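Asker: You'll find coords-v3.txt just under this line, and it carries compact mmCIF, C-alpha atoms.
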# COMPACT_ATOMS: atom_id res chain seq x y z
CA MET T 208 0.00 0.00 0.00
CA GLN T 209 2.88 2.35 0.90
CA SER T 210 4.49 1.92 -2.53
CA THR T 211 1.14 2.69 -4.20
CA ALA T 212 0.91 5.93 -2.27
CA ASN T 213 4.43 6.96 -3.23
CA GLU T 214 3.92 6.17 -6.89
CA ILE T 215 0.64 8.01 -7.28
CA THR T 216 0.85 11.63 -8.43
CA ASP T 217 -0.55 14.58 -6.52
CA ASN T 218 -3.03 15.24 -9.32
CA GLU T 219 -4.38 11.71 -9.07
CA ILE T 220 -4.78 12.07 -5.31
CA LEU T 221 -6.56 15.40 -5.74
CA SER T 222 -8.93 13.97 -8.36
CA LEU T 223 -9.88 11.16 -5.98
CA ILE T 224 -10.46 13.67 -3.18
CA GLN T 225 -12.73 15.84 -5.31
CA GLU T 226 -15.24 12.98 -5.66
CA ALA T 227 -17.33 12.20 -2.58
CA THR T 228 -17.23 8.48 -3.40
CA SER T 229 -13.44 8.33 -3.48
CA LEU T 230 -12.67 11.06 -0.93
CA GLU T 231 -11.66 8.62 1.80
CA ARG T 232 -9.40 6.61 -0.49
CA GLY T 233 -7.79 9.76 -1.85
CA PHE T 234 -7.18 11.14 1.62
CA LYS T 235 -5.68 7.85 2.81
CA LEU T 236 -3.26 7.94 -0.13
CA LEU T 237 -2.39 11.54 0.60
CA MET T 238 -1.61 10.68 4.21
CA GLN T 239 0.42 7.65 3.27
CA LYS T 240 2.45 9.69 0.82
CA TYR T 241 3.20 12.66 3.06
CA GLN T 242 2.62 11.78 6.72
CA GLU T 243 6.18 10.62 7.45
CA ARG T 244 7.85 13.70 6.00
CA LEU T 245 5.41 15.98 7.74
CA TYR T 246 5.65 14.10 11.03
CA TRP T 247 9.46 14.41 11.13
CA HIS T 248 9.24 18.05 10.15
CA VAL T 249 6.90 18.67 13.11
CA ARG T 250 8.87 16.44 15.45
CA ARG T 251 12.03 18.47 14.84
CA MET T 252 10.10 21.57 15.82
CA VAL T 253 8.35 20.30 18.97
CA TYR T 254 10.85 17.53 19.95
CA GLU T 255 8.53 15.21 21.91
CA HIS T 256 6.60 12.43 20.17
CA ASP T 257 3.33 13.06 22.02
CA ASP T 258 3.38 16.73 21.05
CA ALA T 259 4.29 15.91 17.46
CA ASN T 260 1.43 13.40 17.36
CA ASP T 261 -1.10 16.02 18.53
CA VAL T 262 0.18 18.60 16.07
CA ILE T 263 0.26 16.28 13.07
CA GLN T 264 -3.25 14.99 13.79
CA ASN T 265 -4.63 18.51 14.02
CA ALA T 266 -2.79 19.49 10.85
CA PHE T 267 -4.22 16.56 8.87
CA ILE T 268 -7.72 17.23 10.19
CA LYS T 269 -7.36 20.80 8.90
CA VAL T 270 -6.15 19.42 5.58
CA TYR T 271 -9.20 17.13 5.41
CA ARG T 272 -11.48 20.12 6.08
CA SER T 273 -9.94 22.32 3.40
CA ILE T 274 -8.41 20.01 0.77
CA GLN T 275 -11.38 20.43 -1.56
CA LYS T 276 -10.68 24.18 -1.65
CA PHE T 277 -7.02 23.61 -2.61
CA GLU T 278 -6.57 25.61 -5.81
CA GLY T 279 -3.22 24.23 -6.88
CA LYS T 280 -1.50 27.63 -6.82
CA SER T 281 1.40 26.00 -4.99
CA LYS T 282 2.70 22.44 -4.89
CA LEU T 283 0.54 20.12 -2.79
CA TYR T 284 3.43 19.20 -0.56
CA THR T 285 4.45 22.81 0.16
CA TRP T 286 0.80 23.58 1.00
CA LEU T 287 0.77 20.63 3.42
CA TYR T 288 4.08 21.77 4.92
CA ARG T 289 2.66 25.23 5.44
CA ILE T 290 -0.37 23.89 7.35
CA ALA T 291 1.81 21.60 9.51
CA THR T 292 4.34 24.39 10.17
CA ASN T 293 1.63 26.84 11.23
CA GLU T 294 0.05 24.23 13.47
CA ALA T 295 3.42 23.51 15.10
CA ILE T 296 4.17 27.21 15.62
CA THR T 297 0.75 27.73 17.21
CA PHE T 298 1.38 24.74 19.48
CA ILE T 299 4.85 26.02 20.50
CA ASN T 300 3.50 29.48 21.27
CA LYS T 301 0.64 28.06 23.35
CA LYS T 302 3.09 25.91 25.28
CA LYS T 303 5.34 28.91 25.91
CA ARG T 304 2.37 30.97 27.14
CA LYS T 305 1.29 28.17 29.48
CA ALA T 306 4.80 27.85 30.86
CA THR T 307 4.99 31.62 31.42
CA ALA T 308 1.57 31.74 33.09
CA SER T 309 2.44 28.94 35.49
CA LEU T 310 5.99 30.29 35.97
CA ASP T 311 7.00 26.80 35.00
CA ASP T 312 10.16 27.62 33.09
CA ASP T 313 11.26 24.42 31.37
CA GLU T 314 14.30 23.85 33.53
CA GLY T 315 17.24 22.41 31.66
CA GLY T 316 15.58 23.12 28.31
CA ILE T 317 15.78 20.63 25.50
CA SER T 318 18.21 18.22 27.19
CA THR T 319 15.82 17.64 30.11
CA GLN T 320 12.86 17.43 27.76
CA LEU T 321 14.53 14.88 25.50
CA ALA T 322 15.88 12.87 28.43
CA ALA T 323 12.29 12.49 29.67
CA ASP T 324 11.02 11.48 26.24
CA PRO T 325 10.78 7.68 25.97
CA TYR T 326 11.03 8.06 22.20
CA PHE T 327 14.48 9.67 22.17
CA ASP T 328 17.69 7.67 22.35
CA GLY T 329 20.15 9.99 20.66
CA ASP T 330 23.86 9.99 21.47
CA GLN T 331 25.89 12.86 22.90
CA VAL T 332 26.52 14.49 19.51
CA GLN T 333 22.85 14.37 18.58
CA LEU T 334 21.91 15.90 21.91
CA LEU T 335 24.53 18.63 21.43
CA LEU T 336 23.19 19.40 17.99
CA GLN T 337 19.64 19.65 19.36
CA LYS T 338 20.88 21.96 22.12
CA ALA T 339 22.61 24.16 19.55
CA LEU T 340 19.46 24.23 17.44
CA GLU T 341 17.45 25.32 20.45
CA THR T 342 19.52 28.52 20.69
CA LEU T 343 18.52 29.60 17.17
CA PRO T 344 15.64 31.99 16.53
CA GLU T 345 12.53 30.02 15.53
CA LYS T 346 12.63 30.95 11.85
CA GLN T 347 16.35 30.14 11.51
CA ARG T 348 15.75 26.79 13.18
CA LEU T 349 12.93 26.04 10.75
CA VAL T 350 15.06 26.95 7.75
CA PHE T 351 17.99 24.91 9.05
CA ASN T 352 15.80 21.84 9.61
CA MET T 353 14.23 22.03 6.17
CA ARG T 354 17.55 22.50 4.40
CA TYR T 355 19.88 20.33 6.51
CA TYR T 356 17.65 17.38 7.44
CA GLU T 357 14.97 17.46 4.77
CA GLU T 358 17.21 18.71 1.95
CA MET T 359 14.50 20.94 0.54
CA ALA T 360 15.16 23.38 -2.30
CA TYR T 361 15.20 27.05 -1.31
CA LYS T 362 12.32 27.67 -3.71
CA ASP T 363 10.10 25.19 -1.84
CA ILE T 364 11.10 26.49 1.58
CA ALA T 365 10.28 29.99 0.33
CA GLU T 366 6.80 28.77 -0.64
CA VAL T 367 6.23 27.19 2.78
CA LEU T 368 7.46 30.16 4.79
CA ASP T 369 6.24 32.81 2.39
CA THR T 370 9.58 34.57 2.17
CA SER T 371 12.31 35.26 -0.40
CA VAL T 372 15.06 32.85 -1.45
CA GLY T 373 17.68 35.49 -0.64
CA ALA T 374 16.44 35.87 2.93
CA LEU T 375 16.40 32.09 3.34
CA LYS T 376 19.98 31.70 2.13
CA ALA T 377 21.13 34.32 4.65
CA SER T 378 19.15 32.58 7.43
CA TYR T 379 20.60 29.17 6.61
CA HIS T 380 24.18 30.45 6.42
CA HIS T 381 23.84 32.19 9.81
CA ALA T 382 22.28 29.09 11.35
CA VAL T 383 25.03 26.77 10.07
CA LYS T 384 27.76 29.07 11.38
CA LYS T 385 26.10 29.42 14.80
CA ILE T 386 25.66 25.68 15.16
CA GLU T 387 29.23 25.03 14.18
CA ARG T 388 30.40 27.53 16.81
CA SER T 389 28.20 25.89 19.47
CA LEU T 390 29.57 22.44 18.65
CA ARG T 391 33.17 23.66 18.76
CA ALA T 392 32.51 25.49 22.04
CA ALA T 393 31.31 22.23 23.54
CA ASP T 394 34.94 21.03 23.19
CA ASN T 395 34.00 17.95 21.30
CA TYR T 396 35.53 19.10 18.03
CA MET D 171 16.03 23.00 -9.72
CA GLU D 172 18.45 22.22 -6.91
CA SER D 173 19.51 18.61 -6.53
CA ARG D 174 20.40 16.90 -3.27
CA LYS D 175 24.01 17.04 -4.39
CA ASP D 176 23.80 20.85 -4.67
CA ILE D 177 22.42 21.03 -1.14
CA ARG D 178 25.17 18.79 0.26
CA ASP D 179 27.88 20.70 -1.60
CA GLU D 180 26.59 23.95 -0.18
CA LEU D 181 26.75 22.52 3.36
CA ASN D 182 30.22 21.15 2.81
CA GLU D 183 31.39 24.56 1.71
CA LEU D 184 29.73 26.32 4.63
CA SER D 185 30.72 23.86 7.35
CA PRO D 186 32.77 20.74 6.65
CA LEU D 187 32.20 19.81 10.29
CA LEU D 188 28.41 19.71 9.98
CA SER D 189 28.51 18.01 6.60
CA LYS D 190 30.46 15.10 8.10
CA LEU D 191 28.05 14.57 11.00
CA ASP D 192 25.65 11.64 10.96
CA LYS D 193 22.19 13.10 10.37
CA GLY D 194 20.51 10.57 12.64
CA GLU D 195 18.62 12.41 15.33
CA GLY D 196 17.90 9.75 17.92
CA PHE D 197 14.14 10.27 17.71
CA GLN D 198 12.13 7.05 17.97
CA LEU D 199 8.52 6.13 17.24
CA PRO D 200 5.96 3.77 18.80
CA PRO D 201 5.58 0.59 16.72
CA ARG D 202 3.34 0.83 13.63
CA TYR D 203 2.77 4.47 14.41
CA PHE D 204 2.05 5.67 10.86
CA GLU D 205 -0.49 2.93 10.14
CA LYS D 206 -2.41 3.93 13.25
CA LEU D 207 -2.04 7.63 12.51
CA THR D 208 -3.82 7.33 9.14
CA LEU D 209 -6.77 5.50 10.67
CA GLU D 210 -7.00 7.76 13.71
CA VAL D 211 -6.95 10.97 11.65
CA LEU D 212 -9.54 9.64 9.21
CA GLN D 213 -11.80 8.57 12.05
CA LYS D 214 -11.55 11.97 13.76
CA ALA D 215 -11.94 13.95 10.53
CA LYS D 216 -15.03 11.97 9.52
CA ALA D 217 -16.58 12.26 12.98
CA GLU D 218 -15.98 16.00 12.91
CA SER D 219 -17.49 16.49 9.47
CA THR D 220 -20.56 14.45 10.48
CA SER D 221 -21.09 16.56 13.58
CA VAL D 222 -20.74 19.75 11.51
CA GLU D 223 -23.32 18.47 9.02
CA THR D 224 -25.89 17.69 11.74
CA VAL D 225 -25.76 21.17 13.26
CA PRO D 226 -28.72 23.17 11.90
CA GLN D 227 -27.87 26.17 9.74
CA TRP D 228 -29.34 28.72 12.17
CA GLN D 229 -27.34 27.26 15.04
CA GLN D 230 -24.20 27.39 12.92
CA THR D 231 -24.90 31.06 12.08
CA ILE D 232 -25.41 31.97 15.74
CA SER D 233 -22.25 30.19 16.79
CA ASN D 234 -20.33 31.92 13.99
CA ILE D 235 -21.59 35.33 15.13
CA TRP D 236 -20.82 34.46 18.75
CA ALA D 237 -17.32 33.36 17.81
CA ALA D 238 -16.83 36.54 15.77
CA ILE D 239 -17.95 38.71 18.72
CA TRP D 240 -15.30 37.14 20.91
CA GLN D 241 -12.54 37.84 18.44
CA PRO D 242 -10.25 40.36 20.22
CA LYS D 243 -10.74 43.11 17.61
CA MET D 244 -14.53 42.75 17.55
CA ALA D 245 -14.79 42.49 21.36
CA MET D 246 -12.66 45.62 21.72
CA GLY D 247 -14.87 47.47 19.22
CA LEU D 248 -18.09 46.45 20.97
CA ALA D 249 -16.68 47.40 24.37
CA THR D 250 -15.73 50.84 23.01
CA ILE D 251 -19.22 51.36 21.55
CA ALA D 252 -20.83 50.31 24.86
CA LEU D 253 -18.59 52.73 26.75
CA LEU D 254 -19.51 55.56 24.36
CA VAL D 255 -23.25 54.84 24.75
CA VAL D 256 -22.98 54.90 28.56
CA ALA D 257 -20.86 58.07 28.53
CA THR D 258 -23.24 59.82 26.09
CA THR D 259 -26.32 58.85 28.11
CA PHE D 260 -24.65 60.11 31.28
CA PHE D 261 -23.58 63.35 29.62
CA PHE D 262 -27.00 64.19 28.15
CA ASN D 263 -28.90 63.23 31.29
CA LYS D 264 -26.65 65.37 33.43
CA GLY D 265 -28.58 68.58 32.49
CA SER D 266 -31.94 67.02 33.26
CA GLU D 267 -31.07 66.04 36.82
CA VAL D 268 -33.87 66.65 39.34
CA ASP D 269 -33.45 69.95 41.17
CA PRO D 270 -34.83 69.37 44.73
CA LEU D 271 -35.54 73.07 45.36
CA ALA D 272 -37.48 73.43 42.14
CA GLU D 273 -39.43 70.29 42.97
CA LEU D 274 -40.18 71.62 46.47
CA SER D 275 -41.43 74.92 45.14
CA SER D 276 -44.06 73.12 43.16
CA ILE D 277 -45.58 71.71 46.36
CA SER D 278 -48.23 73.88 47.94
CA ASP D 279 -47.98 75.06 51.59
CA GLU D 280 -51.10 73.07 52.45
CA GLU D 281 -49.53 69.88 51.16
CA LEU D 282 -46.34 70.59 53.10
CA ASP D 283 -48.24 71.31 56.33
CA PHE D 284 -50.24 68.16 55.94
CA TYR D 285 -47.09 66.12 55.35
CA ILE D 286 -45.35 67.57 58.43
CA GLN D 287 -48.42 66.96 60.62
CA GLU D 288 -48.69 63.37 59.48
CA ASN D 289 -44.98 62.59 59.81
CA PHE D 290 -43.99 64.76 62.71
CA ASP D 291 -42.72 61.80 64.77
CA GLU D 292 -40.52 60.69 61.89
CA LEU D 293 -38.77 64.01 61.50
CA ASP D 294 -35.27 64.28 62.79
CA MET D 295 -35.33 67.38 64.99
CA ASP D 296 -31.56 67.35 65.47
CA LEU D 297 -31.17 67.63 61.70
CA PHE D 298 -33.47 70.63 61.66
CA ALA D 299 -31.44 72.18 64.47
CA ASP D 300 -28.20 71.59 62.56
CA ILE D 301 -29.62 73.14 59.40
CA ASN D 302 -30.78 76.09 61.43
CA ASP D 303 -27.33 76.58 62.98
CA ALA D 304 -25.50 76.07 59.69
CA SER D 305 -27.64 78.44 57.71
CA GLY D 306 -27.14 81.18 60.35
CA GLU D 307 -30.85 81.84 60.26
CA ASN D 308 -33.37 81.30 63.04
CA PHE D 309 -35.28 78.09 62.71
CA ILE D 310 -38.17 79.88 64.30
CA PRO D 311 -39.24 82.61 61.96
CA SER D 312 -39.32 86.13 63.43
CA SER D 313 -42.84 86.54 62.12
CA ILE D 314 -44.13 84.38 64.97
CA ASP D 315 -45.38 86.52 67.76
CA ASP D 316 -43.60 86.15 71.17
CA GLU D 317 -46.95 85.68 72.86
CA ILE D 318 -47.78 82.71 70.67
CA LEU D 319 -44.34 81.29 71.28
CA ASN D 320 -44.66 81.60 75.03
CA GLU D 321 -48.02 79.90 74.86
CA PHE D 322 -46.40 77.07 72.83
CA TYR D 323 -43.59 76.67 75.36
CA GLN D 324 -46.07 76.64 78.24
CA GLN D 325 -48.16 74.05 76.53
CA SER D 326 -45.03 71.94 75.90
CA ILE D 327 -43.97 72.15 79.54
CA ASP D 328 -47.45 71.08 80.63
CA ASP D 329 -47.25 68.13 78.27
CA ILE D 330 -44.03 66.84 79.78
CA ASP D 331 -44.60 63.69 81.77
CA VAL D 332 -42.84 64.23 85.09
CA ASN D 333 -42.07 60.55 85.48
CA GLU D 334 -40.50 60.40 82.04
CA PHE D 335 -38.52 63.52 82.83
CA GLU D 336 -37.21 61.97 86.04
CA GLU D 337 -36.17 58.89 84.14
CA LEU D 338 -34.27 61.05 81.71
CA LEU D 339 -32.42 62.70 84.58
Reformat the file's structure so that it appears as structure tokens.

Answerer:
Amino acid sequence: MQSTANEITDNEILSLIQEATSLERGFKLLMQKYQERLYWHVRRMVYEHDDANDVIQNAFIKVYRSIQKFEGKSKLYTWLYRIATNEAITFINKKKRKATASLDDDEGGISTQLAADPYFDGDQVQLLLQKALETLPEKQRLVFNMRYYEEMAYKDIAEVLDTSVGALKASYHHAVKKIERSLRAADNY
Amino acid sequence: MESRKDIRDELNELSPLLSKLDKGEGFQLPPRYFEKLTLEVLQKAKAESTSVETVPQWQQTISNIWAAIWQPKMAMGLATIALLVVATTFFFNKGSEVDPLAELSSISDEELDFYIQENFDELDMDLFADINDASGENFIPSSIDDEILNEFYQQSIDDIDVNEFEELL
């Protein structure tokens, strides 16, 4: 089933979704084709599996609600990325507000959070990299993740984040340099 | 169109250190997570669309209006309008406040006398005395003849119950 989903084109998926009788099948194929990429994209933003699960479910429910209005002005996958990214940013902001309201500053930051996550078993270098990423401004972190881990073209990232390719290149270069400095400062390199 | 090779070359140029790192992140997943995710999302999405369909149109409209009212911008606007209405009402009613003296002048002397006779026991004589002192005028008008006054005092003294008076002392 997975191979079917990966072979099918976006246009074929969209045609299935447009028909009430094949909506469910079309949506299943859409999820099977894109859910892993989108999940990992979200997971890199929110870190914990449970949070990523909530965000990705909400994002796909929003997609289900609005897919029939998708006009095809952008690529299907950049449209999906945009929905998932917005959902993740909303989630992160809500979490920050809650933490501020309860004065519950997440002590130890990402290292404590990841240590408590049963679905994280990264080594020291991976943890260091995550710590370095945490120090980046949110947009730089997003750009870094999409370019470094997901190897997305600048043009596609620009479509997802609604910004220019030039600005993205500058963001990515700054992010790479900062992370390199953080890793070197940690005396491991 | 950029290829993966272009992206890796760019990274290698920017930071050979980062380009050599293993991109594994250490994040794990529960078993068969993605299979379950598809089913769970579909189930929730379908349940949600069914519940939206069964809500009558009028109810949907009301809830949309209600939701719109509670949008920060709209709520702020409504609060401002309400404040303006209250302030305007207060401002325009200020001039039409009841003037007690004007109201009193419209009451005839007969009506006033009758009211005082009927409610004499209720009247606070100390208050009258204070008003008299504060206004610097005599509470007892000068038009009252001394003879009548003396007669009134005599009558009052006769009315005093000696026993009550002793108790007061």

Asker: Please produce, as CSV, a per-residue contact table for chain D versus chain T (criterion: any atom at most 8 Å away, only C-alpha atoms considered), showing the nearest atom pair and its distance in Å to one decimal, sorted by chain then residue number.

Answerer:
residue,atom,partner,partner_atom,distance
D:Met171,CA,T:Ala360,CA,7.5
D:Glu172,CA,T:Ala360,CA,5.8
D:Ser173,CA,T:Ala360,CA,7.7
D:Arg174,CA,T:Glu358,CA,6.4
D:Ile177,CA,T:Glu358,CA,6.5
D:Leu181,CA,T:Tyr355,CA,7.9
D:Leu184,CA,T:His380,CA,7.1
D:Ser185,CA,T:Val383,CA,6.9
D:Leu187,CA,T:Glu387,CA,7.2
D:Leu188,CA,T:Glu387,CA,6.8
D:Lys193,CA,T:Tyr356,CA,6.9
D:Gly194,CA,T:Gln333,CA,7.4
D:Glu195,CA,T:Gln333,CA,5.7
D:Gly196,CA,T:Gly329,CA,3.6
D:Phe197,CA,T:Phe327,CA,4.5
D:Gln198,CA,T:Tyr326,CA,4.5
D:Leu199,CA,T:Tyr326,CA,5.9
D:Pro200,CA,T:Tyr326,CA,7.5
D:Phe204,CA,T:Glu243,CA,7.3
D:Leu207,CA,T:Gln264,CA,7.6
D:Thr208,CA,T:Met238,CA,6.4
D:Val211,CA,T:Gln264,CA,5.9
D:Leu212,CA,T:Lys235,CA,7.7
D:Lys214,CA,T:Ile268,CA,7.4
D:Ala215,CA,T:Ile268,CA,5.4
D:Ser219,CA,T:Arg272,CA,7.8

Asker: Quick check, in Å to one decimal: how far apart do CA of Ala291 (chain T) and CA of Ile274 (chain T) lie?

Answerer: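 About the pair CA of Ala291 (chain T) and CA of Ile274 (chain T): they are 13.5 Å apart.
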
Asker: Could you work out how far CA of Ile290 (chain T) lies from CA of Asp261 (chain T), giving the answer in Å with one decimal?

Answerer: 13.7 Å

Asker: What does the distance between CA of Lys216 (chain D) and CA of Gly233 (chain T) come to in Å, to one decimal place?

Answerer: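 Here the two named atoms are 13.7 Å from each other.
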
Asker: Name the residues in contact with region 285-287 of chain T at a cut-off of 8 Å, using only C-alpha atoms, excluding same-chain residues fewer than 6 positions from it; report them as a VMD selection string.

Answerer: chain T and resid 245 270 363 to 364 366 to 367

Asker: Give the answer as one residue: which of T:Ser273, T:Ser371, T:Ser222, T:Thr342 has the shortest atom-to-atom distance to Ile317 (chain T), using all atoms listed in the file?

Answerer: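 Among the listed residues, T:Thr342 lies closest to Ile317 (chain T).
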
Asker: I need the residue nearest Asp258 (chain T) from this list: T:Gln320, T:Lys282, T:Leu230, T:Arg244. Use only C-alpha atoms for the distance.

Answerer: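 Distance minimum relative to Asp258 (chain T) lands on T:Gln320.
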
Asker: Residues near Ala377 (chain T), anyone? I mean within 10 Å using all atoms listed in the file, not counting same-chain ones fewer than 5 positions away, as a ChimeraX atom specification.

Answerer: /T:347,372,382
